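Note sheet for the following structure.
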Amino acid sequence: MRLVFLGAPGVGKGTQADKVAVQYRIHKISTGDLLREAVRNKTPLGLEAKEHVDQGRLVPDSVVIGLVREKLADPSHANGFILDGFPRTVPQAEALAKVLAERGLQLDRVINFKVSREEIVERLSGRRSCPKCQAIYHVQFAPSKRGDLCERCGEALVQRSDDQREAIGTRLRVYEEQTAPLINFYEKQRLLSYLNGAEAVETVYHNLVKALVVPQTA
Ligand code: AMP
């Protein structure tokens with residue numbers, strides 16, 4: 001199964017992608033995670049991406065497309081994949097179609113997660129993450145039982161630089177301007193299913209699995 005999870009930051013794409021990955025035994029490819037890892041490790045890619053990521057702006061298409069092209073060549077993705085946070089621009093979507101076509105492949109489904117702007121801001125501004133094991137918490141909705149420390153590994157939790165108010169505003173603006181046009185792009189190809197991402201995680205997952213089995217394009 002070859003899937004794309006589309007939606008603004010904070011709609012829960014990553015959480016749902018993790019669950020689908022386990023259930024369907026395919027890998028999640030999150031360009032956000034890959035870029036953050038590169039930034040942490042100070043690789044040439046990380047050094048190029050850092051400022052863009054910190055400020056909530058998009059990393060240049062050529063850089064991200066190269067990264068995804070390289071990942072998709074990995075035999076571990078032969079069974080399928082979930083792209084989380086890619087494509088984010090029309091040129092990225094066109095490049096993806098080209099990379100897949102070169103291998104005689106195409107996407108099976110694109111899921112568009114919808115959540116209101118108010119809820120997104122609430123979710124992102126309260127999000128905390130563990131820099132060591134990458135566990136995710138929310139100060140109000142899913143606090144760590146160990147306060148400011150990670151419940152799993154004891155590391156001090158941090159707020160992502162792009163989860164601070166100013167960067168959240170930039171990310172939402174970037175989404176509207178550059179990523180939202182992909183809804184039309186994939187709708188025209190009859191690949192798109194819509195999901196209400198504001199419901200409980202398990203409800204969203206239930207609806208997601210239904211959409212994968214019997215695609216709902218309404
Ligand atoms: P995410 O974790 O998906 O919200 O991504 C975090 C940040 O990584 C984004 O705000 C961008 O700076 C960068 N990024 C992730 N995916 C892409 C992409 N497909 N194109 C450009 N920049 C990206």
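In the structure tokens, chains take letters A, B, ... by order of appearance, with residues numbered from 1 within each chain and ligands from 1 in the order shown.
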With stretch 124-136 of chain A as the partner and 12 Å as the cut-off, tabulate the residues of stretch 30-66 of chain A that qualify, each row holding the nearest pair of atoms and their distance in Å to one decimal, using only C-alpha atoms, sorted by chain and rising number, as a Markdown table.
| residue | atom | partner | partner_atom | distance |
| --- | --- | --- | --- | --- |
| A:Asp33 | CA | A:Gln134 | CA | 9.4 |
| A:Arg36 | CA | A:Pro131 | CA | 10.2 |
| A:Glu37 | CA | A:Pro131 | CA | 10.0 |
| A:Arg40 | CA | A:Pro131 | CA | 9.3 |
For the residues selected in the previous step, produce a file with N, CA, C and O atoms as a compact mmCIF listing (two decimals), in the first residue's frame.
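The result, stored in again.txt:
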# COMPACT_ATOMS: atom_id res chain seq x y z
N ASP A 33 10.63 14.27 10.43
CA ASP A 33 11.52 13.49 11.32
C ASP A 33 12.92 13.38 10.71
O ASP A 33 13.92 13.52 11.41
N ARG A 36 14.68 16.74 11.02
CA ARG A 36 15.08 17.03 12.42
C ARG A 36 16.27 16.17 12.84
O ARG A 36 17.18 16.65 13.52
N GLU A 37 16.28 14.92 12.39
CA GLU A 37 17.40 14.04 12.73
C GLU A 37 18.70 14.58 12.10
O GLU A 37 19.75 14.63 12.73
N ARG A 40 19.82 17.54 14.10
CA ARG A 40 20.45 17.09 15.37
C ARG A 40 21.87 16.59 15.14
O ARG A 40 22.78 16.87 15.90
Shell of 9 Å around ligand 1 (only C-alpha atoms and all ligand atoms), written as a compact mmCIF listing (two decimals) with all heavy atoms, in the first residue's frame:
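Result file selection-v2.txt:
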# COMPACT_ATOMS: atom_id res chain seq x y z
N ALA A 8 -2.60 20.01 7.49
CA ALA A 8 -1.79 21.05 8.14
C ALA A 8 -0.98 20.43 9.28
O ALA A 8 -1.28 19.33 9.74
CB ALA A 8 -2.74 22.12 8.68
N PRO A 9 0.03 21.15 9.77
CA PRO A 9 0.76 20.64 10.92
C PRO A 9 -0.18 20.49 12.11
O PRO A 9 -1.11 21.29 12.28
CB PRO A 9 1.81 21.74 11.21
CG PRO A 9 1.48 22.89 10.34
CD PRO A 9 0.53 22.44 9.28
N GLY A 10 0.02 19.45 12.91
CA GLY A 10 -0.79 19.29 14.12
C GLY A 10 -2.11 18.57 13.93
O GLY A 10 -2.89 18.45 14.87
N LYS A 13 -1.27 13.53 11.64
CA LYS A 13 -0.82 12.64 10.56
C LYS A 13 0.22 11.63 11.06
O LYS A 13 0.16 10.45 10.76
CB LYS A 13 -0.14 13.43 9.42
CG LYS A 13 -0.96 14.52 8.80
CD LYS A 13 -0.22 15.16 7.61
CE LYS A 13 1.05 15.89 7.96
NZ LYS A 13 0.86 17.17 8.67
N GLY A 14 1.18 12.14 11.83
CA GLY A 14 2.28 11.30 12.29
C GLY A 14 1.79 10.20 13.22
O GLY A 14 2.20 9.03 13.08
N SER A 30 8.69 10.09 7.25
CA SER A 30 8.33 11.44 7.66
C SER A 30 9.48 12.38 7.33
O SER A 30 10.56 12.27 7.93
CB SER A 30 8.04 11.47 9.17
OG SER A 30 8.19 12.79 9.66
N THR A 31 9.25 13.28 6.38
CA THR A 31 10.34 14.19 6.01
C THR A 31 10.69 15.10 7.19
O THR A 31 11.85 15.43 7.39
CB THR A 31 9.98 15.02 4.76
OG1 THR A 31 8.62 15.44 4.87
CG2 THR A 31 10.17 14.22 3.50
N GLY A 32 9.68 15.45 8.02
CA GLY A 32 9.95 16.28 9.21
C GLY A 32 10.91 15.55 10.15
O GLY A 32 11.89 16.13 10.62
N ASP A 33 10.63 14.27 10.43
CA ASP A 33 11.52 13.49 11.32
C ASP A 33 12.92 13.38 10.71
O ASP A 33 13.92 13.52 11.41
CB ASP A 33 10.97 12.06 11.53
CG ASP A 33 9.74 12.04 12.45
OD1 ASP A 33 9.44 13.08 13.06
OD2 ASP A 33 9.10 10.98 12.54
N LEU A 34 12.98 13.11 9.41
CA LEU A 34 14.29 12.93 8.76
C LEU A 34 15.10 14.23 8.82
O LEU A 34 16.31 14.21 9.08
CB LEU A 34 14.11 12.51 7.29
CG LEU A 34 13.52 11.11 7.08
CD1 LEU A 34 13.16 10.91 5.61
CD2 LEU A 34 14.52 10.04 7.53
N LEU A 35 14.40 15.35 8.59
CA LEU A 35 15.10 16.64 8.62
C LEU A 35 15.55 16.99 10.03
O LEU A 35 16.67 17.45 10.24
CB LEU A 35 14.20 17.75 8.05
CG LEU A 35 13.95 17.64 6.54
CD1 LEU A 35 12.81 18.56 6.11
CD2 LEU A 35 15.22 17.99 5.76
N ARG A 36 14.68 16.74 11.02
CA ARG A 36 15.08 17.03 12.42
C ARG A 36 16.27 16.17 12.84
O ARG A 36 17.18 16.65 13.52
CB ARG A 36 13.89 16.80 13.38
CG ARG A 36 12.97 18.02 13.51
CD ARG A 36 11.91 17.80 14.57
NE ARG A 36 10.98 16.76 14.20
CZ ARG A 36 9.95 16.94 13.36
NH1 ARG A 36 9.73 18.12 12.84
NH2 ARG A 36 9.15 15.95 13.06
N ALA A 49 19.11 22.64 6.27
CA ALA A 49 17.68 22.68 6.61
C ALA A 49 17.38 23.47 7.87
O ALA A 49 16.27 23.98 8.04
CB ALA A 49 17.16 21.25 6.77
N LYS A 50 18.35 23.59 8.78
CA LYS A 50 18.08 24.06 10.15
C LYS A 50 17.26 25.35 10.22
O LYS A 50 16.23 25.41 10.88
CB LYS A 50 19.40 24.23 10.91
CG LYS A 50 19.16 24.63 12.37
CD LYS A 50 20.43 24.66 13.16
CE LYS A 50 20.30 25.08 14.60
NZ LYS A 50 19.04 25.39 15.18
N GLU A 51 17.72 26.36 9.51
CA GLU A 51 17.05 27.65 9.65
C GLU A 51 15.59 27.57 9.17
O GLU A 51 14.70 28.12 9.80
CB GLU A 51 17.82 28.70 8.85
CG GLU A 51 17.68 30.08 9.45
CD GLU A 51 18.40 31.10 8.60
OE1 GLU A 51 19.60 30.85 8.30
OE2 GLU A 51 17.76 32.11 8.22
N HIS A 52 15.40 26.87 8.06
CA HIS A 52 14.03 26.74 7.52
C HIS A 52 13.14 26.03 8.54
O HIS A 52 12.02 26.47 8.83
CB HIS A 52 14.03 25.91 6.23
CG HIS A 52 14.87 26.48 5.14
ND1 HIS A 52 14.48 27.54 4.38
CD2 HIS A 52 16.09 26.12 4.67
CE1 HIS A 52 15.41 27.82 3.49
NE2 HIS A 52 16.40 26.97 3.65
N VAL A 53 13.63 24.90 9.07
CA VAL A 53 12.83 24.09 10.01
C VAL A 53 12.52 24.90 11.26
O VAL A 53 11.37 24.97 11.71
CB VAL A 53 13.57 22.78 10.36
CG1 VAL A 53 12.81 22.02 11.45
CG2 VAL A 53 13.75 21.90 9.13
N ASP A 54 13.54 25.56 11.84
CA ASP A 54 13.35 26.31 13.08
C ASP A 54 12.30 27.40 12.91
O ASP A 54 11.53 27.68 13.83
CB ASP A 54 14.67 26.97 13.51
CG ASP A 54 15.59 25.95 14.18
OD1 ASP A 54 15.12 24.84 14.47
OD2 ASP A 54 16.77 26.28 14.39
N GLN A 55 12.27 28.02 11.74
CA GLN A 55 11.35 29.14 11.55
C GLN A 55 9.99 28.72 11.00
O GLN A 55 9.11 29.54 10.84
CB GLN A 55 11.98 30.18 10.64
CG GLN A 55 13.18 30.83 11.31
CD GLN A 55 13.86 31.83 10.43
OE1 GLN A 55 13.39 32.13 9.32
NE2 GLN A 55 14.98 32.35 10.87
N GLY A 56 9.85 27.43 10.67
CA GLY A 56 8.57 26.95 10.16
C GLY A 56 8.38 27.17 8.67
O GLY A 56 7.26 27.08 8.17
N ARG A 57 9.48 27.46 7.97
CA ARG A 57 9.39 27.62 6.51
C ARG A 57 9.74 26.30 5.84
O ARG A 57 10.39 25.44 6.45
CB ARG A 57 10.34 28.71 6.03
CG ARG A 57 9.88 30.12 6.42
CD ARG A 57 10.75 31.19 5.82
NE ARG A 57 11.97 31.42 6.59
CZ ARG A 57 13.18 31.02 6.22
NH1 ARG A 57 13.36 30.39 5.08
NH2 ARG A 57 14.23 31.25 6.99
N LEU A 58 9.37 26.14 4.57
CA LEU A 58 9.68 24.89 3.89
C LEU A 58 11.14 24.84 3.48
O LEU A 58 11.73 25.84 3.07
CB LEU A 58 8.81 24.71 2.64
CG LEU A 58 7.31 24.52 2.87
CD1 LEU A 58 6.61 24.19 1.55
CD2 LEU A 58 7.04 23.43 3.89
N VAL A 59 11.71 23.66 3.59
CA VAL A 59 13.05 23.40 3.08
C VAL A 59 12.91 23.35 1.54
O VAL A 59 11.88 22.88 1.04
CB VAL A 59 13.54 22.05 3.66
CG1 VAL A 59 14.84 21.59 3.04
CG2 VAL A 59 13.64 22.15 5.18
N PRO A 60 13.91 23.84 0.78
CA PRO A 60 13.75 23.89 -0.68
C PRO A 60 13.35 22.52 -1.29
O PRO A 60 13.82 21.48 -0.84
CB PRO A 60 15.13 24.31 -1.18
CG PRO A 60 15.72 25.06 -0.02
CD PRO A 60 15.18 24.42 1.22
N ASP A 61 12.48 22.59 -2.30
CA ASP A 61 11.97 21.37 -2.94
C ASP A 61 13.08 20.42 -3.34
O ASP A 61 13.00 19.21 -3.10
CB ASP A 61 11.18 21.75 -4.21
CG ASP A 61 9.78 22.27 -3.89
OD1 ASP A 61 9.30 22.02 -2.76
OD2 ASP A 61 9.18 22.92 -4.76
N VAL A 63 15.94 19.83 -2.22
CA VAL A 63 16.57 19.11 -1.09
C VAL A 63 15.65 17.98 -0.62
O VAL A 63 16.08 16.83 -0.46
CB VAL A 63 16.82 20.10 0.09
CG1 VAL A 63 17.34 19.38 1.31
CG2 VAL A 63 17.76 21.21 -0.35
N VAL A 64 14.38 18.30 -0.43
CA VAL A 64 13.44 17.30 0.12
C VAL A 64 13.16 16.21 -0.92
O VAL A 64 13.04 15.03 -0.57
CB VAL A 64 12.11 17.96 0.53
CG1 VAL A 64 11.38 17.10 1.52
CG2 VAL A 64 12.34 19.30 1.12
N ILE A 65 13.07 16.61 -2.17
CA ILE A 65 12.80 15.61 -3.22
C ILE A 65 13.96 14.62 -3.28
O ILE A 65 13.76 13.40 -3.35
CB ILE A 65 12.57 16.31 -4.59
CG1 ILE A 65 11.23 17.05 -4.57
CG2 ILE A 65 12.61 15.28 -5.73
CD1 ILE A 65 11.01 18.01 -5.73
N VAL A 68 13.65 12.16 -0.37
CA VAL A 68 12.59 11.15 -0.53
C VAL A 68 12.96 10.15 -1.63
O VAL A 68 12.74 8.94 -1.50
CB VAL A 68 11.22 11.84 -0.81
CG1 VAL A 68 10.17 10.83 -1.19
CG2 VAL A 68 10.79 12.62 0.42
N ASP A 84 4.50 10.91 5.27
CA ASP A 84 3.91 11.81 6.27
C ASP A 84 4.63 13.16 6.16
O ASP A 84 5.80 13.26 6.50
CB ASP A 84 4.11 11.16 7.66
CG ASP A 84 3.95 12.15 8.80
OD1 ASP A 84 3.30 13.19 8.61
OD2 ASP A 84 4.47 11.86 9.90
N GLY A 85 3.92 14.15 5.63
CA GLY A 85 4.54 15.48 5.50
C GLY A 85 5.25 15.69 4.17
O GLY A 85 5.95 16.67 3.98
N PHE A 86 5.05 14.79 3.25
CA PHE A 86 5.57 14.91 1.88
C PHE A 86 4.55 14.27 0.96
O PHE A 86 4.09 13.18 1.25
CB PHE A 86 6.92 14.21 1.73
CG PHE A 86 7.50 14.34 0.34
CD1 PHE A 86 8.39 15.35 0.03
CD2 PHE A 86 7.12 13.44 -0.67
CE1 PHE A 86 8.90 15.48 -1.27
CE2 PHE A 86 7.62 13.58 -1.95
CZ PHE A 86 8.52 14.59 -2.25
N PRO A 87 4.20 14.88 -0.16
CA PRO A 87 4.65 16.18 -0.67
C PRO A 87 3.97 17.35 0.06
O PRO A 87 2.89 17.20 0.62
CB PRO A 87 4.21 16.13 -2.14
CG PRO A 87 3.03 15.22 -2.16
CD PRO A 87 3.29 14.19 -1.10
N ARG A 88 4.61 18.50 0.01
CA ARG A 88 4.05 19.72 0.61
C ARG A 88 3.90 20.84 -0.41
O ARG A 88 3.43 21.91 -0.06
CB ARG A 88 4.98 20.19 1.72
CG ARG A 88 4.52 19.84 3.14
CD ARG A 88 5.62 20.26 4.07
NE ARG A 88 5.24 20.57 5.41
CZ ARG A 88 5.41 19.73 6.44
NH1 ARG A 88 5.88 18.53 6.25
NH2 ARG A 88 5.12 20.13 7.65
N THR A 89 4.32 20.59 -1.64
CA THR A 89 4.14 21.58 -2.71
C THR A 89 3.77 20.81 -3.98
O THR A 89 4.03 19.60 -4.08
CB THR A 89 5.45 22.36 -3.00
OG1 THR A 89 6.42 21.44 -3.50
CG2 THR A 89 5.99 23.06 -1.78
N GLN A 92 6.72 19.11 -5.57
CA GLN A 92 7.08 17.87 -4.85
C GLN A 92 6.14 16.73 -5.26
O GLN A 92 6.57 15.59 -5.44
CB GLN A 92 7.00 18.07 -3.33
CG GLN A 92 8.09 18.95 -2.76
CD GLN A 92 7.97 19.12 -1.24
OE1 GLN A 92 7.30 18.35 -0.56
NE2 GLN A 92 8.65 20.13 -0.71
N ASP A 162 9.85 25.03 16.33
CA ASP A 162 8.78 25.43 15.41
C ASP A 162 7.39 25.21 16.01
O ASP A 162 6.38 25.41 15.35
CB ASP A 162 8.92 24.74 14.05
CG ASP A 162 8.87 23.23 14.12
OD1 ASP A 162 8.99 22.67 15.23
OD2 ASP A 162 8.69 22.61 13.05
N ALA A 167 6.36 30.66 15.03
CA ALA A 167 6.62 29.65 13.99
C ALA A 167 5.33 28.90 13.62
O ALA A 167 5.14 28.54 12.45
CB ALA A 167 7.69 28.67 14.45
N ILE A 168 4.43 28.71 14.58
CA ILE A 168 3.15 28.03 14.27
C ILE A 168 2.39 28.86 13.23
O ILE A 168 1.87 28.33 12.25
CB ILE A 168 2.28 27.83 15.54
CG1 ILE A 168 2.95 26.83 16.48
CG2 ILE A 168 0.88 27.35 15.16
CD1 ILE A 168 2.24 26.66 17.82
N THR A 170 3.62 30.93 11.05
CA THR A 170 4.31 30.78 9.75
C THR A 170 3.93 29.45 9.11
O THR A 170 3.61 29.38 7.92
CB THR A 170 5.84 30.84 9.93
OG1 THR A 170 6.16 32.02 10.65
CG2 THR A 170 6.57 30.81 8.61
N ARG A 171 3.95 28.37 9.90
CA ARG A 171 3.67 27.04 9.34
C ARG A 171 2.26 26.96 8.78
O ARG A 171 2.03 26.34 7.73
CB ARG A 171 3.88 25.96 10.41
CG ARG A 171 5.35 25.76 10.73
CD ARG A 171 5.55 25.06 12.05
NE ARG A 171 5.26 23.64 11.99
CZ ARG A 171 5.04 22.89 13.07
NH1 ARG A 171 5.06 23.43 14.27
NH2 ARG A 171 4.82 21.61 12.94
N VAL A 174 2.19 28.93 5.54
CA VAL A 174 2.88 28.15 4.49
C VAL A 174 1.97 27.01 4.01
O VAL A 174 1.87 26.73 2.81
CB VAL A 174 4.22 27.59 5.04
CG1 VAL A 174 4.77 26.49 4.15
CG2 VAL A 174 5.23 28.70 5.19
*In Å, rounded to a single decimal, give me how far atom CA of A:Phe185 is from atom CA of A:Val110.*
10.6 Å
_I need the residue nearest A:Tyr175 from this list: A:Cys153, A:Pro75, A:Arg117, A:Ala211. Use only C-alpha atoms for the distance._
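Among the listed residues, A:Arg117 lies closest to A:Tyr175.
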*Write out as a PyMOL selection string all residues of stretch 119-168 of chain A that backbone DSSP assigns to alpha helix (DSSP H).*
chain A and resi 119-125+165-168
So that I have them on file, write out the residues from the current selection with all heavy atoms, as a PDB file, in the first residue's frame.
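Listed below is the output, result28.pdb:
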ATOM      1  N   GLU A 119      -7.930  24.545  17.060  1.00  0.00           N
ATOM      2  CA  GLU A 119      -7.491  23.299  17.682  1.00  0.00           C
ATOM      3  C   GLU A 119      -6.022  23.002  17.342  1.00  0.00           C
ATOM      4  O   GLU A 119      -5.255  22.531  18.184  1.00  0.00           O
ATOM      5  CB  GLU A 119      -8.403  22.148  17.230  1.00  0.00           C
ATOM      6  CG  GLU A 119      -7.848  20.805  17.630  1.00  0.00           C
ATOM      7  CD  GLU A 119      -8.791  19.948  18.439  1.00  0.00           C
ATOM      8  OE1 GLU A 119      -9.971  20.296  18.536  1.00  0.00           O
ATOM      9  OE2 GLU A 119      -8.301  18.938  18.977  1.00  0.00           O
ATOM     10  N   ILE A 120      -5.636  23.307  16.113  1.00  0.00           N
ATOM     11  CA  ILE A 120      -4.239  23.077  15.703  1.00  0.00           C
ATOM     12  C   ILE A 120      -3.296  23.901  16.579  1.00  0.00           C
ATOM     13  O   ILE A 120      -2.294  23.399  17.086  1.00  0.00           O
ATOM     14  CB  ILE A 120      -4.043  23.441  14.210  1.00  0.00           C
ATOM     15  CG1 ILE A 120      -4.702  22.379  13.329  1.00  0.00           C
ATOM     16  CG2 ILE A 120      -2.564  23.575  13.865  1.00  0.00           C
ATOM     17  CD1 ILE A 120      -4.636  22.664  11.850  1.00  0.00           C
ATOM     18  N   VAL A 121      -3.644  25.184  16.779  1.00  0.00           N
ATOM     19  CA  VAL A 121      -2.776  26.061  17.579  1.00  0.00           C
ATOM     20  C   VAL A 121      -2.685  25.520  19.002  1.00  0.00           C
ATOM     21  O   VAL A 121      -1.598  25.454  19.594  1.00  0.00           O
ATOM     22  CB  VAL A 121      -3.300  27.518  17.553  1.00  0.00           C
ATOM     23  CG1 VAL A 121      -2.521  28.391  18.523  1.00  0.00           C
ATOM     24  CG2 VAL A 121      -3.229  28.088  16.142  1.00  0.00           C
ATOM     25  N   GLU A 122      -3.819  25.062  19.549  1.00  0.00           N
ATOM     26  CA  GLU A 122      -3.834  24.511  20.903  1.00  0.00           C
ATOM     27  C   GLU A 122      -2.955  23.254  20.984  1.00  0.00           C
ATOM     28  O   GLU A 122      -2.155  23.088  21.900  1.00  0.00           O
ATOM     29  CB  GLU A 122      -5.275  24.170  21.271  1.00  0.00           C
ATOM     30  CG  GLU A 122      -5.519  24.187  22.755  1.00  0.00           C
ATOM     31  CD  GLU A 122      -6.997  23.977  23.067  1.00  0.00           C
ATOM     32  OE1 GLU A 122      -7.782  23.643  22.159  1.00  0.00           O
ATOM     33  OE2 GLU A 122      -7.350  24.149  24.240  1.00  0.00           O
ATOM     34  N   ARG A 123      -3.096  22.386  19.972  1.00  0.00           N
ATOM     35  CA  ARG A 123      -2.322  21.139  19.974  1.00  0.00           C
ATOM     36  C   ARG A 123      -0.821  21.420  19.869  1.00  0.00           C
ATOM     37  O   ARG A 123      -0.009  20.859  20.610  1.00  0.00           O
ATOM     38  CB  ARG A 123      -2.706  20.266  18.773  1.00  0.00           C
ATOM     39  CG  ARG A 123      -4.041  19.571  18.917  1.00  0.00           C
ATOM     40  CD  ARG A 123      -4.240  18.668  17.722  1.00  0.00           C
ATOM     41  NE  ARG A 123      -5.524  18.002  17.747  1.00  0.00           N
ATOM     42  CZ  ARG A 123      -5.884  17.079  16.863  1.00  0.00           C
ATOM     43  NH1 ARG A 123      -5.063  16.734  15.884  1.00  0.00           N
ATOM     44  NH2 ARG A 123      -7.051  16.505  16.941  1.00  0.00           N
ATOM     45  N   LEU A 124      -0.448  22.291  18.927  1.00  0.00           N
ATOM     46  CA  LEU A 124       0.996  22.498  18.676  1.00  0.00           C
ATOM     47  C   LEU A 124       1.656  23.274  19.807  1.00  0.00           C
ATOM     48  O   LEU A 124       2.779  22.949  20.212  1.00  0.00           O
ATOM     49  CB  LEU A 124       1.208  23.246  17.353  1.00  0.00           C
ATOM     50  CG  LEU A 124       0.835  22.483  16.082  1.00  0.00           C
ATOM     51  CD1 LEU A 124       1.105  23.353  14.856  1.00  0.00           C
ATOM     52  CD2 LEU A 124       1.610  21.187  15.967  1.00  0.00           C
ATOM     53  N   SER A 125       0.955  24.296  20.333  1.00  0.00           N
ATOM     54  CA  SER A 125       1.619  25.119  21.344  1.00  0.00           C
ATOM     55  C   SER A 125       1.803  24.363  22.661  1.00  0.00           C
ATOM     56  O   SER A 125       2.686  24.682  23.443  1.00  0.00           O
ATOM     57  CB  SER A 125       0.894  26.446  21.545  1.00  0.00           C
ATOM     58  OG  SER A 125      -0.446  26.198  21.862  1.00  0.00           O
ATOM     59  N   ARG A 165       4.792  30.000  19.222  1.00  0.00           N
ATOM     60  CA  ARG A 165       3.675  30.729  18.587  1.00  0.00           C
ATOM     61  C   ARG A 165       3.985  31.311  17.208  1.00  0.00           C
ATOM     62  O   ARG A 165       3.236  31.107  16.266  1.00  0.00           O
ATOM     63  CB  ARG A 165       3.193  31.867  19.502  1.00  0.00           C
ATOM     64  CG  ARG A 165       2.464  31.380  20.721  1.00  0.00           C
ATOM     65  CD  ARG A 165       0.958  31.511  20.565  1.00  0.00           C
ATOM     66  NE  ARG A 165       0.297  30.651  21.544  1.00  0.00           N
ATOM     67  CZ  ARG A 165      -0.978  30.310  21.509  1.00  0.00           C
ATOM     68  NH1 ARG A 165      -1.752  30.738  20.545  1.00  0.00           N
ATOM     69  NH2 ARG A 165      -1.492  29.528  22.422  1.00  0.00           N
ATOM     70  N   GLU A 166       5.116  32.024  17.130  1.00  0.00           N
ATOM     71  CA  GLU A 166       5.412  32.721  15.878  1.00  0.00           C
ATOM     72  C   GLU A 166       5.606  31.728  14.729  1.00  0.00           C
ATOM     73  O   GLU A 166       5.075  31.902  13.627  1.00  0.00           O
ATOM     74  CB  GLU A 166       6.676  33.563  16.065  1.00  0.00           C
ATOM     75  CG  GLU A 166       6.778  34.667  15.045  1.00  0.00           C
ATOM     76  CD  GLU A 166       8.016  35.509  15.303  1.00  0.00           C
ATOM     77  OE1 GLU A 166       8.314  35.766  16.487  1.00  0.00           O
ATOM     78  OE2 GLU A 166       8.681  35.879  14.327  1.00  0.00           O
ATOM     79  N   ALA A 167       6.361  30.656  15.032  1.00  0.00           N
ATOM     80  CA  ALA A 167       6.617  29.654  13.989  1.00  0.00           C
ATOM     81  C   ALA A 167       5.330  28.905  13.618  1.00  0.00           C
ATOM     82  O   ALA A 167       5.142  28.537  12.455  1.00  0.00           O
ATOM     83  CB  ALA A 167       7.694  28.669  14.451  1.00  0.00           C
ATOM     84  N   ILE A 168       4.428  28.712  14.580  1.00  0.00           N
ATOM     85  CA  ILE A 168       3.151  28.031  14.270  1.00  0.00           C
ATOM     86  C   ILE A 168       2.389  28.863  13.230  1.00  0.00           C
ATOM     87  O   ILE A 168       1.871  28.334  12.248  1.00  0.00           O
ATOM     88  CB  ILE A 168       2.285  27.825  15.536  1.00  0.00           C
ATOM     89  CG1 ILE A 168       2.948  26.827  16.481  1.00  0.00           C
ATOM     90  CG2 ILE A 168       0.880  27.354  15.162  1.00  0.00           C
ATOM     91  CD1 ILE A 168       2.238  26.662  17.821  1.00  0.00           C
TER      92      ILE A 168
END
